[in-house]
Amino acid sequence: MIVLDILTWVLVSLGGVFCVIGATGMLRMPDFFTRMHAASVIDTLGAGLIIGGLMLQSGFTLASVKLLILGALIFFTSPTASHSLANAALSRGAKPVLADEGESSS
């Protein structure tokens, strides 16, 4: 039981760390495309680790089945939504900031 609690805390804590890193990236990144990448990290990795930790804690119950369905939904829809959002931005004329251009304009 102690090992299960420790593993749960590790997964939830790592998920929280990735969510904080992704949120910081959304604030600090220079353009739309890099901000969108940070948001996708929050969705897939941060939320996935938190959901995994919650599944371990809930055991083999209906709650863990619901969490598994939620995790699968996030895992499949988040990259698809990010891809279509990037395509829409490109078709509207948004240009990614290149590393050399971003540093020289500051």
# chains A, B, ... in the order shown; residues from 1 in each chain; ligands from 1

call {"tool": "select_by_dssp", "arguments": {"residues": "chain A", "states": "alpha helix (DSSP H)", "output": "PyMOL selection string"}}
result
chain A and resi 2-28+32-41+47-58+62-91+99-104

call {"tool": "closest_atom_pairs", "arguments": {"of": "region 3-63 of chain A", "to": "region 72-89 of chain A", "cutoff": "7 Å", "atoms": "only C-alpha atoms", "output": "CSV"}}
result
residue,atom,partner,partner_atom,distance
A:Phe33,CA,A:Ala86,CA,6.9
A:Met36,CA,A:Ser82,CA,7.0
A:Ser40,CA,A:Ser78,CA,6.6
A:Asp43,CA,A:Ser78,CA,6.5
A:Thr44,CA,A:Phe75,CA,5.8

call {"tool": "residues_around", "arguments": {"residues": "Ser58 (chain A)", "least_positions_apart": "6", "cutoff": "12 Å", "atoms": "only C-alpha atoms", "output": "list in words"}}
result
Leu4, Asp5, Thr8, Ile51, Gly52, Ser64, Val65, Lys66, Leu67 and Leu68 of chain A

call {"tool": "decode", "arguments": {"residues": "region 7-106 of chain A", "atoms": "C-alpha atoms", "output": "PDB file, in the first residue's frame"}}
result
ATOM      1  CA  LEU A   7       3.916   5.939  -7.015  1.00  0.00           C
ATOM      2  CA  THR A   8       0.662   7.925  -7.014  1.00  0.00           C
ATOM      3  CA  TRP A   9       2.377  10.931  -5.481  1.00  0.00           C
ATOM      4  CA  VAL A  10       5.231  10.705  -7.977  1.00  0.00           C
ATOM      5  CA  LEU A  11       2.867  10.623 -10.973  1.00  0.00           C
ATOM      6  CA  VAL A  12       0.628  13.411  -9.709  1.00  0.00           C
ATOM      7  CA  SER A  13       3.628  15.551  -8.745  1.00  0.00           C
ATOM      8  CA  LEU A  14       5.316  15.044 -12.117  1.00  0.00           C
ATOM      9  CA  GLY A  15       2.055  15.896 -13.845  1.00  0.00           C
ATOM     10  CA  GLY A  16       1.801  19.067 -11.795  1.00  0.00           C
ATOM     11  CA  VAL A  17       5.380  20.006 -12.628  1.00  0.00           C
ATOM     12  CA  PHE A  18       4.751  19.543 -16.344  1.00  0.00           C
ATOM     13  CA  CYS A  19       1.580  21.638 -16.087  1.00  0.00           C
ATOM     14  CA  VAL A  20       3.497  24.460 -14.376  1.00  0.00           C
ATOM     15  CA  ILE A  21       6.298  24.258 -16.963  1.00  0.00           C
ATOM     16  CA  GLY A  22       3.771  24.329 -19.795  1.00  0.00           C
ATOM     17  CA  ALA A  23       1.897  27.270 -18.273  1.00  0.00           C
ATOM     18  CA  THR A  24       5.168  29.163 -17.894  1.00  0.00           C
ATOM     19  CA  GLY A  25       5.978  28.347 -21.505  1.00  0.00           C
ATOM     20  CA  MET A  26       2.628  29.718 -22.619  1.00  0.00           C
ATOM     21  CA  LEU A  27       3.476  33.015 -20.940  1.00  0.00           C
ATOM     22  CA  ARG A  28       7.108  33.245 -22.028  1.00  0.00           C
ATOM     23  CA  MET A  29       7.162  31.965 -25.614  1.00  0.00           C
ATOM     24  CA  PRO A  30       7.401  34.565 -28.393  1.00  0.00           C
ATOM     25  CA  ASP A  31       4.801  33.451 -30.944  1.00  0.00           C
ATOM     26  CA  PHE A  32       1.601  31.511 -31.424  1.00  0.00           C
ATOM     27  CA  PHE A  33       3.195  28.262 -32.567  1.00  0.00           C
ATOM     28  CA  THR A  34       5.565  27.856 -29.632  1.00  0.00           C
ATOM     29  CA  ARG A  35       2.785  28.799 -27.213  1.00  0.00           C
ATOM     30  CA  MET A  36       0.602  26.158 -28.791  1.00  0.00           C
ATOM     31  CA  HIS A  37       3.380  23.601 -28.302  1.00  0.00           C
ATOM     32  CA  ALA A  38       3.551  24.472 -24.594  1.00  0.00           C
ATOM     33  CA  ALA A  39      -0.234  24.085 -24.330  1.00  0.00           C
ATOM     34  CA  SER A  40      -0.078  20.647 -25.928  1.00  0.00           C
ATOM     35  CA  VAL A  41       2.531  19.581 -23.349  1.00  0.00           C
ATOM     36  CA  ILE A  42       0.084  20.539 -20.611  1.00  0.00           C
ATOM     37  CA  ASP A  43      -2.725  18.592 -22.251  1.00  0.00           C
ATOM     38  CA  THR A  44      -1.010  15.349 -23.078  1.00  0.00           C
ATOM     39  CA  LEU A  45       1.849  14.878 -20.645  1.00  0.00           C
ATOM     40  CA  GLY A  46       0.734  16.830 -17.579  1.00  0.00           C
ATOM     41  CA  ALA A  47      -2.875  15.703 -17.610  1.00  0.00           C
ATOM     42  CA  GLY A  48      -1.882  12.154 -18.585  1.00  0.00           C
ATOM     43  CA  LEU A  49       0.422  11.767 -15.598  1.00  0.00           C
ATOM     44  CA  ILE A  50      -2.154  13.203 -13.216  1.00  0.00           C
ATOM     45  CA  ILE A  51      -4.846  10.901 -14.588  1.00  0.00           C
ATOM     46  CA  GLY A  52      -2.461   7.938 -14.283  1.00  0.00           C
ATOM     47  CA  GLY A  53      -1.806   8.765 -10.639  1.00  0.00           C
ATOM     48  CA  LEU A  54      -5.508   9.104  -9.935  1.00  0.00           C
ATOM     49  CA  MET A  55      -6.168   5.751 -11.603  1.00  0.00           C
ATOM     50  CA  LEU A  56      -3.616   4.087  -9.332  1.00  0.00           C
ATOM     51  CA  GLN A  57      -5.216   5.642  -6.286  1.00  0.00           C
ATOM     52  CA  SER A  58      -8.785   4.698  -7.223  1.00  0.00           C
ATOM     53  CA  GLY A  59      -7.963   1.042  -7.812  1.00  0.00           C
ATOM     54  CA  PHE A  60     -10.035  -1.238 -10.022  1.00  0.00           C
ATOM     55  CA  THR A  61     -13.354   0.627  -9.862  1.00  0.00           C
ATOM     56  CA  LEU A  62     -15.748   2.400 -12.163  1.00  0.00           C
ATOM     57  CA  ALA A  63     -13.883   5.630 -11.410  1.00  0.00           C
ATOM     58  CA  SER A  64     -10.669   4.234 -12.908  1.00  0.00           C
ATOM     59  CA  VAL A  65     -12.545   3.150 -16.042  1.00  0.00           C
ATOM     60  CA  LYS A  66     -13.898   6.683 -16.402  1.00  0.00           C
ATOM     61  CA  LEU A  67     -10.402   8.086 -15.897  1.00  0.00           C
ATOM     62  CA  LEU A  68      -9.065   5.697 -18.538  1.00  0.00           C
ATOM     63  CA  ILE A  69     -11.690   6.876 -21.017  1.00  0.00           C
ATOM     64  CA  LEU A  70     -10.880  10.499 -20.178  1.00  0.00           C
ATOM     65  CA  GLY A  71      -7.159   9.856 -20.639  1.00  0.00           C
ATOM     66  CA  ALA A  72      -7.725   8.170 -24.007  1.00  0.00           C
ATOM     67  CA  LEU A  73      -9.905  11.060 -25.121  1.00  0.00           C
ATOM     68  CA  ILE A  74      -7.233  13.604 -24.186  1.00  0.00           C
ATOM     69  CA  PHE A  75      -4.470  11.479 -25.722  1.00  0.00           C
ATOM     70  CA  PHE A  76      -6.201  11.273 -29.106  1.00  0.00           C
ATOM     71  CA  THR A  77      -7.905  14.661 -29.381  1.00  0.00           C
ATOM     72  CA  SER A  78      -5.210  17.019 -28.084  1.00  0.00           C
ATOM     73  CA  PRO A  79      -2.596  16.373 -30.811  1.00  0.00           C
ATOM     74  CA  THR A  80      -5.311  16.447 -33.472  1.00  0.00           C
ATOM     75  CA  ALA A  81      -6.661  19.751 -32.213  1.00  0.00           C
ATOM     76  CA  SER A  82      -3.157  21.246 -32.022  1.00  0.00           C
ATOM     77  CA  HIS A  83      -2.407  20.136 -35.576  1.00  0.00           C
ATOM     78  CA  SER A  84      -5.608  21.579 -37.000  1.00  0.00           C
ATOM     79  CA  LEU A  85      -5.105  24.816 -35.040  1.00  0.00           C
ATOM     80  CA  ALA A  86      -1.591  25.173 -36.464  1.00  0.00           C
ATOM     81  CA  ASN A  87      -2.863  24.513 -39.993  1.00  0.00           C
ATOM     82  CA  ALA A  88      -5.586  27.127 -39.545  1.00  0.00           C
ATOM     83  CA  ALA A  89      -3.031  29.663 -38.306  1.00  0.00           C
ATOM     84  CA  LEU A  90      -0.748  28.959 -41.250  1.00  0.00           C
ATOM     85  CA  SER A  91      -3.588  29.297 -43.724  1.00  0.00           C
ATOM     86  CA  ARG A  92      -4.531  32.657 -42.161  1.00  0.00           C
ATOM     87  CA  GLY A  93      -0.972  33.888 -42.699  1.00  0.00           C
ATOM     88  CA  ALA A  94       0.617  33.518 -39.274  1.00  0.00           C
ATOM     89  CA  LYS A  95       4.362  33.109 -39.569  1.00  0.00           C
ATOM     90  CA  PRO A  96       6.494  31.238 -37.023  1.00  0.00           C
ATOM     91  CA  VAL A  97       9.251  33.303 -35.419  1.00  0.00           C
ATOM     92  CA  LEU A  98      12.639  31.879 -36.311  1.00  0.00           C
ATOM     93  CA  ALA A  99      15.328  31.749 -33.625  1.00  0.00           C
ATOM     94  CA  ASP A 100      17.568  34.271 -35.382  1.00  0.00           C
ATOM     95  CA  GLU A 101      14.749  36.729 -36.066  1.00  0.00           C
ATOM     96  CA  GLY A 102      13.341  36.522 -32.556  1.00  0.00           C
ATOM     97  CA  GLU A 103      16.657  37.274 -30.887  1.00  0.00           C
ATOM     98  CA  SER A 104      17.679  40.110 -33.210  1.00  0.00           C
ATOM     99  CA  SER A 105      14.381  42.013 -32.837  1.00  0.00           C
ATOM    100  CA  SER A 106      14.632  42.132 -29.023  1.00  0.00           C
TER     101      SER A 106
END
